[in-house]
Amino acid sequence: MFFSTARLRLLLASSFLLLPTCAAHTNTIFTSSVSYCSPPETLLVQKFDIAYTPANNSVTFNVSAASVEQNVNVSANILLNVYGRRPVNLTIDICSLFNGALCPLPVYNFVGAESLPLPPSLSITQYIPGIAYIIPDLEAFAQLTLTDVQTGELKACIQATLSNGWSTHQPGVAWATGGIGLLALASAMWQSLVPESLAPLRLLDLISLYQIIASSSFLNLNYPVIFRAFTLNFSWAMGLFAQSPVSSMQRSINHMRNITGGTLPNGSGSSIALINRKLSPYNSPVSEVVVPPQRLVSAARLLPKVNLADLATPGFIPPSTAANYTALAARDVQTVTTGGTNVLQAGIPIYVNTIGIATANAFMTAFLTALILLACTLATIGIFYAVVYVLARRKSRPEWLSDVRRRTPVVAQTWGFRMALICSYPLVLFAFYQWTLHDSWLAIFISAITFVALLGIIGYAVLRVLLFARKSSPYNLYIDLPCFEPLYGKYRVERYFFFVLPIAAIFLRALFTAFAHADGTVAIIAIVVIEGCLVLSLLVLRPARTRRADVLSVFIALVRLFCAALCIGFLEQLQTAAIPRVVIGIIIAVIYSIAVVFMFLNTLWNLGLKRVYLRRAFTSLQSSQSPSSSDSMLEKNDIERDPVDKKVTMSAVRAVGSPADSVYNGRPGNPTPTHNVRLDPHVNQPYPTFTPTATFAEPPSASNTETSYGSQIPSRWRASYLWRDSRSSESEHSSPAAGMGYSAGRTQPSSPSYYNSGRQPAIEEEGTGYAR
């Protein structure tokens, strides 16, 4: 193959780690958001976009601001905060700029967009290290403070977060993870009718891993921006797709909330400016975001317009005050109230607002996404059933088509239940969180109905499986309860009950994430305990069918536990420095990426690589046979072609136990003599008819009443290891169905073949005495 597995793994790992390498990138630092850091009294900003390019030591700006106070001489202080450190803290004399046109500060609307080369004496490169241009999700901001040179009074304070264009939140990564999910979905749908297939069960494991990665940023912790951006690549698994705050879905949800008592703010275009200043990327607890007074906005609309590019022109004459400029009526600068009601706290508020969804819209967005998924599932099942029904009515239909048509209702029920399991975690989590907001009564009502519906569906399935297995037998689950296979399908029959633990872990994790959102310490400790208990149960019980499945389950559980434990370093009480927090975030992102790659390889394995591997292993085994075996095979072919010359037939060769027979029939050579041995007729007698006596494993009536052929055995004794019908020998010779796994009194299909694996004892078919 052109791409080896190692190269594919390296390619995927690099794509998950976020640095696109296919496109040319110019090193630059630019502003990504602007906000106020003190009540504005002199300067009102509408737009403040500045970019610095070190290649030519130039600054590109697009500024729109207004000065509304006369006779103000100010000095400007520029502060650069990078990961909590302050490498730049400069004070600039405003009067020395633009030929003294800004001293005193003119009362104008300043607008302008220009690219200006800086003089060699003013080089910013020495203050910015080279790594700042390439590290993704840079945590830095620049602060501009204007202070009156006479009184020392603070006149304006503007904060602008900085970015270099690199981020771990990449559309390509989100599409890649979604493509893996679609591949797993296609594999699961294709193999739904294949007995003992693990692809439908591994689909739940993959989506569950995606949801855990996304929800790991929902706690009230001081996450680094690089880790929060990484988890945004998996937001679609929680039903949250990136969209504009003014999209049709968000506008509809906002309208519904507004007419049903909703008071929380709607989504904004940029959430970075609204983040709590104690959190990343600000790492500065002394600053506060405020809103400008309305009197400043009204005064700014009456000011004349001045282009900053014209200030450097000699002989510049300011325009008349009669020229009104009202562009500041629609400000681009993000502002919030001084009370802090609009300040985004860590957890779900920052996460959802970053992708354009308001905090109060999280549940309704996930709910509408779940409805769309349900509609797509029902449409797919309906189309499939219609196609099968039409093809099955044809006269020249294959035999397997009738079996597919008979199993379609069960497959439809199974997929409906599987989709309920997929949607349960995000819907339950956001339903709990919606109850804590006290926003819209209609949203709370819908969330309560959704929670009750999911609890009824999943709770009924859990109780039904547990009670049936206790009253009848877990070996009959595939026969009597096949639609609940997503619960017990990937576990051994003796460990069928293990599905209760992952479901309980999911509900508990949603409970602590939603209701403990104000205290990140309680939430993260509870999650670590939950994940630790899950790992311990997997190590002790080893519930999977095979050893490989046990290893995969333990690996994923350890990844979840280890990453949850590392998140303890994000607690605000620990006051971990910004750079160590970033390192911890990168480590968690790498571990999660490795887990995703492993699940992708597992999807390919279940999709068809397993068959290719086994076929290649069998071919290599045949080619590695010894020369004596090859000679024996040639001799065997000669005997079949010319039995007259050899004076022997293949039956005689098998009677003597030839080496060829030992190789190709999988048993050692039998040293049977070459001549027939006469058997003693007194020794070769049939076994006498066995009449069972009463034992502790038989029903009370087994020793007193003669059991007739085809009689109904109580359900609790159908899977008994000691039950054997007294007429099994007669059934073997008289009933043709006995050898096929069917009883004469009751037609019942055989259970899956892995019941007779190395871990399960053989089960006798009812009324036949044959073990599966």
# chains A, B, ... in the order shown; residues from 1 in each chain; ligands from 1
call {"tool": "residues_around", "arguments": {"residues": "Gln243 (chain A)", "least_positions_apart": "5", "cutoff": "12 Å", "atoms": "only C-alpha atoms", "output": "MDAnalysis selection string"}}
result
chainID A and resid 235:236 248:251 267:269 352:358 365
call {"tool": "closest_atom_pairs", "arguments": {"of": "region 342-396 of chain A", "to": "region 428-434 of chain A", "cutoff": "8 Å", "atoms": "only C-alpha atoms", "output": "JSON lines"}}
result
{"residue": "A:Ala360", "atom": "CA", "partner": "A:Gln434", "partner_atom": "CA", "distance": 7.1}
{"residue": "A:Ala362", "atom": "CA", "partner": "A:Phe430", "partner_atom": "CA", "distance": 6.7}
{"residue": "A:Phe363", "atom": "CA", "partner": "A:Phe430", "partner_atom": "CA", "distance": 4.9}
{"residue": "A:Ala366", "atom": "CA", "partner": "A:Phe430", "partner_atom": "CA", "distance": 7.8}
call {"tool": "residues_around", "arguments": {"residues": "Tyr389 (chain A)", "least_positions_apart": "3", "cutoff": "12 Å", "atoms": "only C-alpha atoms", "output": "list in words"}}
result
Gly382, Ile383, Phe384, Tyr385, Ala386, Ala392, Arg393, Arg394, Arg397, Leu401, Ser402, Asp403, Val404, Arg405, Arg406, Arg407, Thr408 and Pro409 of chain A
call {"tool": "write_last_selection", "arguments": {"atoms": "N, CA and C atoms", "output": "PDB file, in the first residue's frame"}}
result
ATOM      1  N   GLY A 382     -37.165   3.621   7.463  1.00  0.00           N
ATOM      2  CA  GLY A 382     -38.323   3.484   6.582  1.00  0.00           C
ATOM      3  C   GLY A 382     -37.937   3.176   5.149  1.00  0.00           C
ATOM      4  N   ILE A 383     -36.931   3.862   4.640  1.00  0.00           N
ATOM      5  CA  ILE A 383     -36.485   3.590   3.268  1.00  0.00           C
ATOM      6  C   ILE A 383     -35.929   2.179   3.146  1.00  0.00           C
ATOM      7  N   PHE A 384     -35.150   1.752   4.127  1.00  0.00           N
ATOM      8  CA  PHE A 384     -34.580   0.401   4.091  1.00  0.00           C
ATOM      9  C   PHE A 384     -35.681  -0.668   4.123  1.00  0.00           C
ATOM     10  N   TYR A 385     -36.653  -0.474   4.985  1.00  0.00           N
ATOM     11  CA  TYR A 385     -37.733  -1.463   5.079  1.00  0.00           C
ATOM     12  C   TYR A 385     -38.557  -1.499   3.799  1.00  0.00           C
ATOM     13  N   ALA A 386     -38.777  -0.325   3.193  1.00  0.00           N
ATOM     14  CA  ALA A 386     -39.541  -0.295   1.943  1.00  0.00           C
ATOM     15  C   ALA A 386     -38.803  -1.024   0.829  1.00  0.00           C
ATOM     16  N   ALA A 392     -38.557  -8.376  -1.517  1.00  0.00           N
ATOM     17  CA  ALA A 392     -38.985  -9.669  -0.990  1.00  0.00           C
ATOM     18  C   ALA A 392     -40.236 -10.190  -1.668  1.00  0.00           C
ATOM     19  N   ARG A 393     -41.005  -9.317  -2.317  1.00  0.00           N
ATOM     20  CA  ARG A 393     -42.233  -9.744  -2.999  1.00  0.00           C
ATOM     21  C   ARG A 393     -41.977 -10.286  -4.402  1.00  0.00           C
ATOM     22  N   ARG A 394     -40.734 -10.195  -4.858  1.00  0.00           N
ATOM     23  CA  ARG A 394     -40.415 -10.734  -6.167  1.00  0.00           C
ATOM     24  C   ARG A 394     -40.336 -12.255  -6.106  1.00  0.00           C
ATOM     25  N   ARG A 397     -36.513 -14.136  -5.664  1.00  0.00           N
ATOM     26  CA  ARG A 397     -35.764 -13.495  -4.588  1.00  0.00           C
ATOM     27  C   ARG A 397     -34.841 -14.505  -3.933  1.00  0.00           C
ATOM     28  N   LEU A 401     -32.929 -12.832   1.606  1.00  0.00           N
ATOM     29  CA  LEU A 401     -33.759 -11.638   1.657  1.00  0.00           C
ATOM     30  C   LEU A 401     -34.961 -11.833   2.575  1.00  0.00           C
ATOM     31  N   SER A 402     -35.492 -13.027   2.601  1.00  0.00           N
ATOM     32  CA  SER A 402     -36.606 -13.296   3.507  1.00  0.00           C
ATOM     33  C   SER A 402     -36.166 -13.190   4.961  1.00  0.00           C
ATOM     34  N   ASP A 403     -34.969 -13.657   5.241  1.00  0.00           N
ATOM     35  CA  ASP A 403     -34.457 -13.541   6.607  1.00  0.00           C
ATOM     36  C   ASP A 403     -34.225 -12.084   6.983  1.00  0.00           C
ATOM     37  N   VAL A 404     -33.731 -11.282   6.042  1.00  0.00           N
ATOM     38  CA  VAL A 404     -33.531  -9.856   6.314  1.00  0.00           C
ATOM     39  C   VAL A 404     -34.860  -9.171   6.579  1.00  0.00           C
ATOM     40  N   ARG A 405     -35.871  -9.518   5.805  1.00  0.00           N
ATOM     41  CA  ARG A 405     -37.189  -8.910   6.021  1.00  0.00           C
ATOM     42  C   ARG A 405     -37.759  -9.305   7.377  1.00  0.00           C
ATOM     43  N   ARG A 406     -37.542 -10.520   7.800  1.00  0.00           N
ATOM     44  CA  ARG A 406     -38.056 -10.960   9.089  1.00  0.00           C
ATOM     45  C   ARG A 406     -37.341 -10.261  10.249  1.00  0.00           C
ATOM     46  N   ARG A 407     -36.063  -9.950  10.074  1.00  0.00           N
ATOM     47  CA  ARG A 407     -35.298  -9.335  11.151  1.00  0.00           C
ATOM     48  C   ARG A 407     -35.330  -7.813  11.126  1.00  0.00           C
ATOM     49  N   THR A 408     -35.911  -7.206  10.107  1.00  0.00           N
ATOM     50  CA  THR A 408     -35.918  -5.747   9.995  1.00  0.00           C
ATOM     51  C   THR A 408     -36.616  -5.063  11.166  1.00  0.00           C
ATOM     52  N   PRO A 409     -37.794  -5.508  11.642  1.00  0.00           N
ATOM     53  CA  PRO A 409     -38.399  -4.833  12.798  1.00  0.00           C
ATOM     54  C   PRO A 409     -37.507  -4.830  14.031  1.00  0.00           C
TER      55      PRO A 409
END
call {"tool": "closest_residue", "arguments": {"among": "A:Val388, A:Leu219, A:Ile275, A:Leu442", "to": "Ala523 (chain A)", "atoms": "only C-alpha atoms"}}
result
A:Leu219
call {"tool": "residues_around", "arguments": {"residues": "region 413-417 of chain A", "least_positions_apart": "2", "cutoff": "10 Å", "atoms": "only C-alpha atoms", "output": "MDAnalysis selection string"}}
result
chainID A and resid 188:189 192 200 374 377:378 381 408:411 419:422 457:458 461 481:487
